[in-house]
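Here's the structure, in structure tokens; my notes come after.
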Amino acid sequence: MVNNLEGDSGRGYYMEMSIGTPGQKLNILVDTGSSNFAVAAAPHPFIMHYFNTQLSSTYLTFSQTVAVRYTQGNWEGELGTDRIAITQGPNGTITINIAAIMSSDGFFLPGVNWQGILGLAYPALARPDSSVEPFFNSMVKQLGIPDVFSLQMCGAGLSASSSADPVGGSLIMGGVEPTLYRGSVWYTPIKEEWYYQVEVLKLEVGDQNLNLDCKEYNVDKAIVDSGTTLLRLPANVFNAVVQAITRTSLIQDFSSGFWDGTKLACWMKGESPWRFFPKLSIYLRATNTSQSFRITIFPQLYIQPITDVDGTLDCFRFGVSSSASGLVIGATVMEGFYVVFDRAQRRLGFALSNCAVSDGVALSEIAGNFSAADVAADCSTGPLKEPVLWVISYALMAVCALVLLILLLLLVLPCRRRDYFGEITDESSLVRNRIK
């Protein structure tokens, strides 16, 4: 199962799977921030091939529509089941729930080499509801493997415009592979089992503590998500990070467009920009909740090469962005570490990845234990999960219906007779789709 991933943070990490009978081979994106297993089941201009359900003798449809929305892109299809095998994975074939994507918008992009998505999160995020058992849950039950998987993503420092897809890393299903990391694995509790939600205690830029209330880092939620490219921070935290980098950086006159992702920063070819920027550190609560540990990424991970210009310039983007939906530890950070998703013990582990090295220099660090006495006992903000949002949505609909009823009465009462037949349908107010 080692080296069974290809890709990088810009285009995503994917693995080959055989779907249906006889098997049809597709590349599937690995995403720890969603829970549906979905594959293209119709032609699309940006993908080379798709899963033809009519050619599989084992495909069964539920004739039920399913739709999922992401930060970028969405798709709609039908639910069914079929048999799958992982080319470089656990031995055996399993029957899993599969969403056959019939239409999409902004989901399949030019230049990507995958045709589906493997959601590895918990049933709470599954669509259309949590009764749709996710892929990894099915694998654990049917193959009897431990409820643990681990992920190494090796695209650190690679240009997102590179034409060739290198060996991108490893997805180990059922355990941990010691040859992929150095030192110890440091564990943080999984706060809630929907996304892989963790608790961030503080951030440092270089040696500067941002000194924000720890709840600021966990506004809405803080999650670990391989399907998100950047390190995404709540707006207040993002602004504080940019200000701290600006104070620390040897370059003072950066365009604001570089920080907000609308512009690249370019240097003469061969000149290293990383010496101008500080390290970024995230403190996570340890399993001993009175302690914490620190994961640190070097500038090579968050000042990311994109392309060159006429062979004379090397250009880079800022691998951190502002978020309206919580803090997301995405591929920008995950590429520095071997990450263990120990669902059996409800914890996430971080160790130094053997592939997070450039020119013999490590691009990440881990340190601890540190006392957590200087932060609150609970830094979580109590995210509004979707069942709660449904209740709020229905309550708002009820209020709207009451107001509408009053308005109708006001219209009807002055008239001797008025026939009116209508129906209130406002599905847009229901939070039905996952949004990263």
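Residue numbering restarts at 1 in every chain; chains get A, B, ... in the order shown in the structure tokens, and ligands count up from 1 in that same order.
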
Self-check item: Those in region 18-238 of chain A with strand (DSSP E or B) from DSSP, as a ChimeraX atom specification
Solution: /A:18-19,24-31,37-40,60-69,74-86,94-105,116-119,148-153,167-173,181-189,193,196-197,200-205,208-209,222-224,231-234

Who sits within 10 Å of region 350-362 of chain A, only C-alpha atoms, same chain under 6 positions skipped, as an mmCIF file with C-alpha atoms, in the first residue's frame:
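Okay, out09.cif is ready:
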```
data_model
loop_
_atom_site.group_PDB
_atom_site.id
_atom_site.type_symbol
_atom_site.label_atom_id
_atom_site.label_comp_id
_atom_site.auth_asym_id
_atom_site.auth_seq_id
_atom_site.Cartn_x
_atom_site.Cartn_y
_atom_site.Cartn_z
ATOM 1 C CA SER A 150 -2.997 6.963 7.744
ATOM 2 C CA LEU A 151 -1.955 9.388 5.051
ATOM 3 C CA GLN A 152 1.323 10.663 3.651
ATOM 4 C CA MET A 153 1.161 13.418 1.012
ATOM 5 C CA CYS A 154 4.473 14.041 -0.760
ATOM 6 C CA GLY A 155 3.863 17.009 -3.060
ATOM 7 C CA ALA A 156 5.741 19.535 -0.924
ATOM 8 C CA GLY A 157 7.551 22.100 -3.055
ATOM 9 C CA GLY A 168 2.252 11.525 -4.514
ATOM 10 C CA GLY A 169 2.325 9.538 -1.289
ATOM 11 C CA PRO A 178 6.491 3.083 10.378
ATOM 12 C CA THR A 179 8.804 3.447 7.353
ATOM 13 C CA LEU A 180 6.901 6.559 6.241
ATOM 14 C CA TYR A 181 7.701 8.776 9.235
ATOM 15 C CA ARG A 182 10.439 9.767 11.690
ATOM 16 C CA GLY A 183 10.253 9.998 15.459
ATOM 17 C CA SER A 184 7.095 9.663 17.530
ATOM 18 C CA VAL A 185 3.438 10.086 16.594
ATOM 19 C CA TRP A 186 1.828 12.903 18.574
ATOM 20 C CA TYR A 187 -1.921 12.528 19.125
ATOM 21 C CA THR A 188 -4.729 15.040 19.537
ATOM 22 C CA PHE A 293 2.131 19.900 21.158
ATOM 23 C CA ARG A 294 3.245 22.045 18.246
ATOM 24 C CA ILE A 295 3.347 21.256 14.537
ATOM 25 C CA ILE A 297 5.729 24.172 8.733
ATOM 26 C CA PHE A 298 8.582 25.953 6.986
ATOM 27 C CA GLN A 300 8.672 25.989 1.557
ATOM 28 C CA LEU A 301 5.260 24.516 2.385
ATOM 29 C CA MET A 334 -0.518 17.938 5.858
ATOM 30 C CA GLU A 335 2.328 17.635 3.326
ATOM 31 C CA GLY A 336 4.753 18.159 6.204
ATOM 32 C CA PHE A 337 3.452 15.255 8.251
ATOM 33 C CA TYR A 338 2.394 11.640 8.336
ATOM 34 C CA VAL A 339 -1.178 11.874 9.630
ATOM 35 C CA VAL A 340 -2.858 8.997 11.468
ATOM 36 C CA PHE A 341 -6.670 8.906 11.552
#
```

Exercise. Do a neighbour search on Ile96 (chain A) at 8 Å with only C-alpha atoms, toss out local chain neighbours closer than 6 positions, and write the hits as a ChimeraX atom specification.
Key: /A:81-84,133-135,138

Quiz item: Which one is closest to Gly326 (chain A): A:Met173, A:Leu60, A:Met48, A:Val237? Count only C-alpha atoms.
Solution: A:Val237

Quiz prompt | Selection: 8 Å around region 13-26 of chain A, only C-alpha atoms, excl. self and same-chain fewer than 4 positions, as an MDAnalysis selection string | solution = chainID A and resid 4:9 30 49:51 53 55:59 82:88 114:116 153 168:169

Exercise. Would you kindly return, as JSON, numbers by chain, each protein, DNA or RNA residue with an atom no farther than 6 Å from any atom of Arg232 (chain A), considering only C-alpha atoms and excluding same-chain residues fewer than 6 positions away?
Key: {"A": [320, 321, 322, 323, 327, 328]}

For the residues in that selection, give me N, CA and C atoms as a PDB file, in the first residue's frame.
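Writing the result to again_5.pdb gives the following:
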```
ATOM      1  N   VAL A 320      -2.015  30.161   2.281  1.00  0.00           N
ATOM      2  CA  VAL A 320      -2.927  30.375   3.416  1.00  0.00           C
ATOM      3  C   VAL A 320      -4.041  31.281   2.927  1.00  0.00           C
ATOM      4  N   SER A 321      -5.267  31.016   3.350  1.00  0.00           N
ATOM      5  CA  SER A 321      -6.384  31.860   2.917  1.00  0.00           C
ATOM      6  C   SER A 321      -7.355  32.092   4.060  1.00  0.00           C
ATOM      7  N   SER A 322      -8.202  33.091   3.872  1.00  0.00           N
ATOM      8  CA  SER A 322      -9.247  33.394   4.852  1.00  0.00           C
ATOM      9  C   SER A 322     -10.433  32.462   4.645  1.00  0.00           C
ATOM     10  N   SER A 323     -11.101  32.126   5.740  1.00  0.00           N
ATOM     11  CA  SER A 323     -12.202  31.162   5.689  1.00  0.00           C
ATOM     12  C   SER A 323     -13.410  31.689   6.446  1.00  0.00           C
ATOM     13  N   LEU A 327     -11.473  26.847  10.697  1.00  0.00           N
ATOM     14  CA  LEU A 327     -10.068  26.614  10.408  1.00  0.00           C
ATOM     15  C   LEU A 327      -9.917  25.245   9.761  1.00  0.00           C
ATOM     16  N   VAL A 328      -9.181  25.190   8.653  1.00  0.00           N
ATOM     17  CA  VAL A 328      -8.991  23.935   7.929  1.00  0.00           C
ATOM     18  C   VAL A 328      -7.502  23.673   7.756  1.00  0.00           C
TER      19      VAL A 328
END
```

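For the choices A:Ala373, A:Leu233, A:Ile190, A:Val200, the atom-to-atom distance to Arg343 (chain A) is smallest for A:Ile190 when using only C-alpha atoms.
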
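Between CA of Phe46 (chain A) and CA of Leu79 (chain A) the interatomic distance comes to 22.8 Å.
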
Based on the backbone DSSP call, show me all residues of region 60-300 of chain A assigned alpha helix (DSSP H), as a tab-separated table (two decimals) with all heavy atoms, in the first residue's frame.
```
chain	number	residue	atom	x	y	z
A	135	PHE	N	-17.51	4.73	2.68
A	135	PHE	CA	-16.60	3.72	2.14
A	135	PHE	C	-15.79	3.02	3.22
A	135	PHE	O	-15.76	1.79	3.30
A	135	PHE	CB	-15.67	4.40	1.13
A	135	PHE	CG	-14.65	3.50	0.51
A	135	PHE	CD1	-14.85	2.95	-0.73
A	135	PHE	CD2	-13.45	3.22	1.17
A	135	PHE	CE1	-13.90	2.13	-1.32
A	135	PHE	CE2	-12.50	2.39	0.60
A	135	PHE	CZ	-12.72	1.85	-0.65
A	136	PHE	N	-15.09	3.80	4.07
A	136	PHE	CA	-14.18	3.18	5.02
A	136	PHE	C	-14.93	2.40	6.09
A	136	PHE	O	-14.44	1.36	6.55
A	136	PHE	CB	-13.25	4.22	5.65
A	136	PHE	CG	-12.09	3.61	6.38
A	136	PHE	CD1	-11.09	2.94	5.68
A	136	PHE	CD2	-11.99	3.67	7.76
A	136	PHE	CE1	-10.02	2.35	6.34
A	136	PHE	CE2	-10.92	3.10	8.43
A	136	PHE	CZ	-9.93	2.43	7.72
A	137	ASN	N	-16.11	2.86	6.49
A	137	ASN	CA	-16.93	2.08	7.42
A	137	ASN	C	-17.24	0.71	6.84
A	137	ASN	O	-17.17	-0.31	7.54
A	137	ASN	CB	-18.22	2.83	7.74
A	137	ASN	CG	-17.98	4.11	8.50
A	137	ASN	OD1	-17.33	5.03	8.00
A	137	ASN	ND2	-18.49	4.21	9.72
A	138	SER	N	-17.59	0.68	5.54
A	138	SER	CA	-17.90	-0.59	4.88
A	138	SER	C	-16.66	-1.48	4.81
A	138	SER	O	-16.75	-2.70	5.02
A	138	SER	CB	-18.43	-0.33	3.46
A	138	SER	OG	-19.63	0.42	3.49
A	139	MET	N	-15.51	-0.88	4.54
A	139	MET	CA	-14.28	-1.66	4.43
A	139	MET	C	-13.92	-2.30	5.77
A	139	MET	O	-13.53	-3.48	5.84
A	139	MET	CB	-13.14	-0.78	3.94
A	139	MET	CG	-11.79	-1.47	3.91
A	139	MET	SD	-10.51	-0.51	3.08
A	139	MET	CE	-10.92	-0.86	1.37
A	140	VAL	N	-14.04	-1.54	6.86
A	140	VAL	CA	-13.73	-2.07	8.18
A	140	VAL	C	-14.63	-3.25	8.51
A	140	VAL	O	-14.18	-4.29	9.01
A	140	VAL	CB	-13.86	-0.96	9.25
A	140	VAL	CG1	-13.81	-1.54	10.66
A	140	VAL	CG2	-12.77	0.09	9.06
A	141	LYS	N	-15.93	-3.13	8.21
A	141	LYS	CA	-16.88	-4.20	8.51
A	141	LYS	C	-16.64	-5.44	7.65
A	141	LYS	O	-16.65	-6.57	8.15
A	141	LYS	CB	-18.31	-3.69	8.29
A	141	LYS	CG	-18.81	-2.73	9.35
A	141	LYS	CD	-20.25	-2.33	9.07
A	141	LYS	CE	-20.78	-1.35	10.11
A	141	LYS	NZ	-22.19	-0.96	9.82
A	142	GLN	N	-16.44	-5.24	6.36
A	142	GLN	CA	-16.39	-6.38	5.44
A	142	GLN	C	-15.04	-7.08	5.39
A	142	GLN	O	-14.97	-8.29	5.17
A	142	GLN	CB	-16.80	-5.92	4.04
A	142	GLN	CG	-18.25	-5.46	3.96
A	142	GLN	CD	-18.62	-4.96	2.57
A	142	GLN	OE1	-18.24	-5.53	1.55
A	142	GLN	NE2	-19.38	-3.87	2.51
A	143	LEU	N	-13.95	-6.34	5.62
A	143	LEU	CA	-12.62	-6.95	5.56
A	143	LEU	C	-12.03	-7.22	6.94
A	143	LEU	O	-11.00	-7.89	7.06
A	143	LEU	CB	-11.65	-6.08	4.75
A	143	LEU	CG	-12.01	-5.87	3.26
A	143	LEU	CD1	-10.91	-5.05	2.58
A	143	LEU	CD2	-12.20	-7.20	2.55
A	214	CYS	N	-8.26	31.59	22.38
A	214	CYS	CA	-8.17	30.30	21.67
A	214	CYS	C	-9.47	29.95	20.95
A	214	CYS	O	-9.45	29.18	19.98
A	214	CYS	CB	-7.76	29.19	22.63
A	214	CYS	SG	-8.99	28.74	23.88
A	215	LYS	N	-10.57	30.51	21.39
A	215	LYS	CA	-11.84	30.24	20.70
A	215	LYS	C	-11.85	30.85	19.29
A	215	LYS	O	-12.60	30.39	18.42
A	215	LYS	CB	-13.02	30.77	21.52
A	215	LYS	CG	-13.26	29.99	22.82
A	215	LYS	CD	-14.50	30.47	23.54
A	215	LYS	CE	-14.70	29.72	24.85
A	215	LYS	NZ	-14.99	28.30	24.64
A	216	GLU	N	-11.01	31.87	19.08
A	216	GLU	CA	-10.92	32.48	17.74
A	216	GLU	C	-10.42	31.46	16.71
A	216	GLU	O	-10.82	31.48	15.55
A	216	GLU	CB	-9.97	33.67	17.77
A	216	GLU	CG	-10.45	34.86	18.57
A	216	GLU	CD	-11.18	35.88	17.72
A	216	GLU	OE1	-11.57	35.54	16.59
A	216	GLU	OE2	-11.34	37.02	18.20
A	217	TYR	N	-9.54	30.56	17.13
A	217	TYR	CA	-8.98	29.57	16.20
A	217	TYR	C	-9.99	28.47	15.86
A	217	TYR	O	-9.83	27.77	14.87
A	217	TYR	CB	-7.73	28.92	16.80
A	217	TYR	CG	-6.66	29.90	17.20
A	217	TYR	CD1	-6.25	30.01	18.53
A	217	TYR	CD2	-6.07	30.75	16.27
A	217	TYR	CE1	-5.27	30.91	18.92
A	217	TYR	CE2	-5.09	31.66	16.64
A	217	TYR	CZ	-4.70	31.74	17.97
A	217	TYR	OH	-3.73	32.63	18.34
A	235	ALA	N	-11.32	34.63	9.59
A	235	ALA	CA	-10.88	35.95	9.11
A	235	ALA	C	-9.99	36.69	10.10
A	235	ALA	O	-8.94	37.24	9.72
A	235	ALA	CB	-12.11	36.79	8.75
A	236	ASN	N	-10.37	36.72	11.39
A	236	ASN	CA	-9.56	37.45	12.37
A	236	ASN	C	-8.18	36.83	12.52
A	236	ASN	O	-7.17	37.55	12.66
A	236	ASN	CB	-10.27	37.47	13.74
A	236	ASN	CG	-11.47	38.38	13.76
A	236	ASN	OD1	-11.65	39.19	12.85
A	236	ASN	ND2	-12.30	38.26	14.78
A	237	VAL	N	-8.12	35.51	12.49
A	237	VAL	CA	-6.84	34.81	12.62
A	237	VAL	C	-6.00	35.06	11.37
A	237	VAL	O	-4.79	35.33	11.45
A	237	VAL	CB	-7.06	33.30	12.84
A	237	VAL	CG1	-5.72	32.58	12.96
A	237	VAL	CG2	-7.92	33.06	14.08
A	238	PHE	N	-6.62	34.96	10.20
A	238	PHE	CA	-5.91	35.20	8.94
A	238	PHE	C	-5.28	36.58	8.93
A	238	PHE	O	-4.10	36.74	8.58
A	238	PHE	CB	-6.86	35.03	7.76
A	238	PHE	CG	-6.25	35.35	6.43
A	238	PHE	CD1	-5.41	34.45	5.80
A	238	PHE	CD2	-6.51	36.56	5.80
A	238	PHE	CE1	-4.82	34.74	4.57
A	238	PHE	CE2	-5.94	36.86	4.58
A	238	PHE	CZ	-5.10	35.94	3.96
A	239	ASN	N	-6.06	37.59	9.30
A	239	ASN	CA	-5.54	38.97	9.29
A	239	ASN	C	-4.36	39.11	10.26
A	239	ASN	O	-3.37	39.79	9.96
A	239	ASN	CB	-6.65	39.95	9.66
A	239	ASN	CG	-7.71	40.04	8.58
A	239	ASN	OD1	-7.45	39.76	7.41
A	239	ASN	ND2	-8.93	40.40	8.96
A	240	ALA	N	-4.47	38.46	11.42
A	240	ALA	CA	-3.38	38.52	12.40
A	240	ALA	C	-2.13	37.83	11.88
A	240	ALA	O	-1.00	38.30	12.10
A	240	ALA	CB	-3.83	37.89	13.71
A	241	VAL	N	-2.30	36.71	11.16
A	241	VAL	CA	-1.16	36.00	10.59
A	241	VAL	C	-0.47	36.85	9.53
A	241	VAL	O	0.76	36.96	9.51
A	241	VAL	CB	-1.61	34.64	9.98
A	241	VAL	CG1	-0.53	34.05	9.08
A	241	VAL	CG2	-1.96	33.66	11.09
A	242	VAL	N	-1.26	37.46	8.64
A	242	VAL	CA	-0.67	38.30	7.59
A	242	VAL	C	0.10	39.47	8.21
A	242	VAL	O	1.22	39.79	7.78
A	242	VAL	CB	-1.76	38.81	6.63
A	242	VAL	CG1	-1.21	39.89	5.70
A	242	VAL	CG2	-2.33	37.66	5.82
A	243	GLN	N	-0.48	40.11	9.22
A	243	GLN	CA	0.20	41.22	9.88
A	243	GLN	C	1.50	40.78	10.53
A	243	GLN	O	2.54	41.47	10.43
A	243	GLN	CB	-0.72	41.85	10.93
A	243	GLN	CG	-1.91	42.59	10.32
A	243	GLN	CD	-2.92	43.03	11.38
A	243	GLN	OE1	-2.66	42.94	12.58
A	243	GLN	NE2	-4.09	43.49	10.93
A	244	ALA	N	1.47	39.59	11.16
A	244	ALA	CA	2.67	39.08	11.81
A	244	ALA	C	3.75	38.72	10.79
A	244	ALA	O	4.94	38.97	11.00
A	244	ALA	CB	2.33	37.87	12.68
A	245	ILE	N	3.34	38.12	9.67
A	245	ILE	CA	4.32	37.79	8.62
A	245	ILE	C	4.92	39.06	8.05
A	245	ILE	O	6.13	39.15	7.81
A	245	ILE	CB	3.66	36.95	7.51
A	245	ILE	CG1	3.27	35.56	8.03
A	245	ILE	CG2	4.61	36.80	6.32
A	245	ILE	CD1	2.55	34.71	7.00
A	246	THR	N	4.08	40.06	7.83
A	246	THR	CA	4.56	41.33	7.28
A	246	THR	C	5.59	41.97	8.21
A	246	THR	O	6.61	42.51	7.76
A	246	THR	CB	3.38	42.30	7.07
A	246	THR	OG1	2.42	41.69	6.20
A	246	THR	CG2	3.86	43.60	6.45
A	247	ARG	N	5.33	41.89	9.53
A	247	ARG	CA	6.29	42.45	10.49
A	247	ARG	C	7.60	41.64	10.50
A	247	ARG	O	8.68	42.19	10.66
A	247	ARG	CB	5.69	42.45	11.90
A	247	ARG	CG	4.61	43.48	12.11
A	247	ARG	CD	4.32	43.65	13.59
A	247	ARG	NE	3.89	42.40	14.22
A	247	ARG	CZ	2.62	42.03	14.34
A	247	ARG	NH1	1.65	42.81	13.85
A	247	ARG	NH2	2.31	40.90	14.94
A	248	THR	N	7.47	40.31	10.31
A	248	THR	CA	8.64	39.43	10.42
A	248	THR	C	9.42	39.35	9.12
A	248	THR	O	10.64	39.21	9.12
A	248	THR	CB	8.17	38.02	10.82
A	248	THR	OG1	7.42	38.10	12.03
A	248	THR	CG2	9.36	37.10	11.03
A	256	SER	N	-1.16	43.57	-1.57
A	256	SER	CA	-2.25	42.92	-0.84
A	256	SER	C	-2.82	41.76	-1.65
A	256	SER	O	-3.37	40.81	-1.10
A	256	SER	CB	-3.35	43.92	-0.51
A	256	SER	OG	-3.89	44.49	-1.70
A	257	GLY	N	-2.67	41.83	-2.98
A	257	GLY	CA	-3.16	40.76	-3.83
A	257	GLY	C	-2.45	39.44	-3.60
A	257	GLY	O	-3.02	38.37	-3.84
A	258	PHE	N	-1.21	39.49	-3.14
A	258	PHE	CA	-0.49	38.25	-2.82
A	258	PHE	C	-1.13	37.56	-1.64
A	258	PHE	O	-1.33	36.34	-1.63
A	258	PHE	CB	0.98	38.56	-2.53
A	258	PHE	CG	1.77	37.35	-2.09
A	258	PHE	CD1	2.09	36.34	-2.99
A	258	PHE	CD2	2.19	37.22	-0.77
A	258	PHE	CE1	2.81	35.22	-2.59
A	258	PHE	CE2	2.92	36.11	-0.36
A	258	PHE	CZ	3.22	35.11	-1.27
A	259	TRP	N	-1.50	38.34	-0.62
A	259	TRP	CA	-2.09	37.75	0.58
A	259	TRP	C	-3.49	37.21	0.33
A	259	TRP	O	-3.88	36.20	0.91
A	259	TRP	CB	-2.11	38.78	1.72
A	259	TRP	CG	-0.78	39.38	2.02
A	259	TRP	CD1	-0.44	40.69	1.89
A	259	TRP	CD2	0.41	38.72	2.49
A	259	TRP	NE1	0.87	40.90	2.25
A	259	TRP	CE2	1.42	39.70	2.63
A	259	TRP	CE3	0.71	37.39	2.80
A	259	TRP	CZ2	2.70	39.39	3.06
A	259	TRP	CZ3	2.00	37.09	3.25
A	259	TRP	CH2	2.96	38.07	3.37
A	299	PRO	N	8.56	27.83	5.40
A	299	PRO	CA	8.01	28.60	4.27
A	299	PRO	C	7.90	27.81	2.97
A	299	PRO	O	7.03	28.10	2.14
A	299	PRO	CB	9.01	29.75	4.12
A	299	PRO	CG	9.62	29.91	5.47
A	299	PRO	CD	9.70	28.53	6.05
A	300	GLN	N	8.74	26.79	2.79
A	300	GLN	CA	8.67	25.99	1.56
A	300	GLN	C	7.32	25.31	1.38
A	300	GLN	O	6.95	24.94	0.26
A	300	GLN	CB	9.77	24.92	1.56
A	300	GLN	CG	11.17	25.47	1.34
A	300	GLN	CD	11.86	25.82	2.65
A	300	GLN	OE1	11.21	26.20	3.62
A	300	GLN	NE2	13.17	25.70	2.66
```

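If you measure from each of A:Ser34, A:Thr229, A:Asn113, A:Ser249 to Pro273 (chain A) using only C-alpha atoms, the closest one turns out to be A:Ser249.
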
Exercise. For Lys191 (chain A), please output as a VMD selection string all residues within 12 Å (counting only C-alpha atoms; exclusion window: fewer than 2 positions along the same chain).
Key: chain A and resid 188 to 189 193 to 200 218 221 to 224 284 to 287 289 343 345 to 348 378 to 383

Quiz item: To one decimal place, how far is CA of Val333 (chain A) from CA of Thr32 (chain A) in Å?
Solution: 14.0 Å

Self-check item: Counting only C-alpha atoms, the residue of A:Trp274, A:Asp225, A:Asp342, A:Gly80 that sits nearest Pro146 (chain A)
Solution: A:Asp342
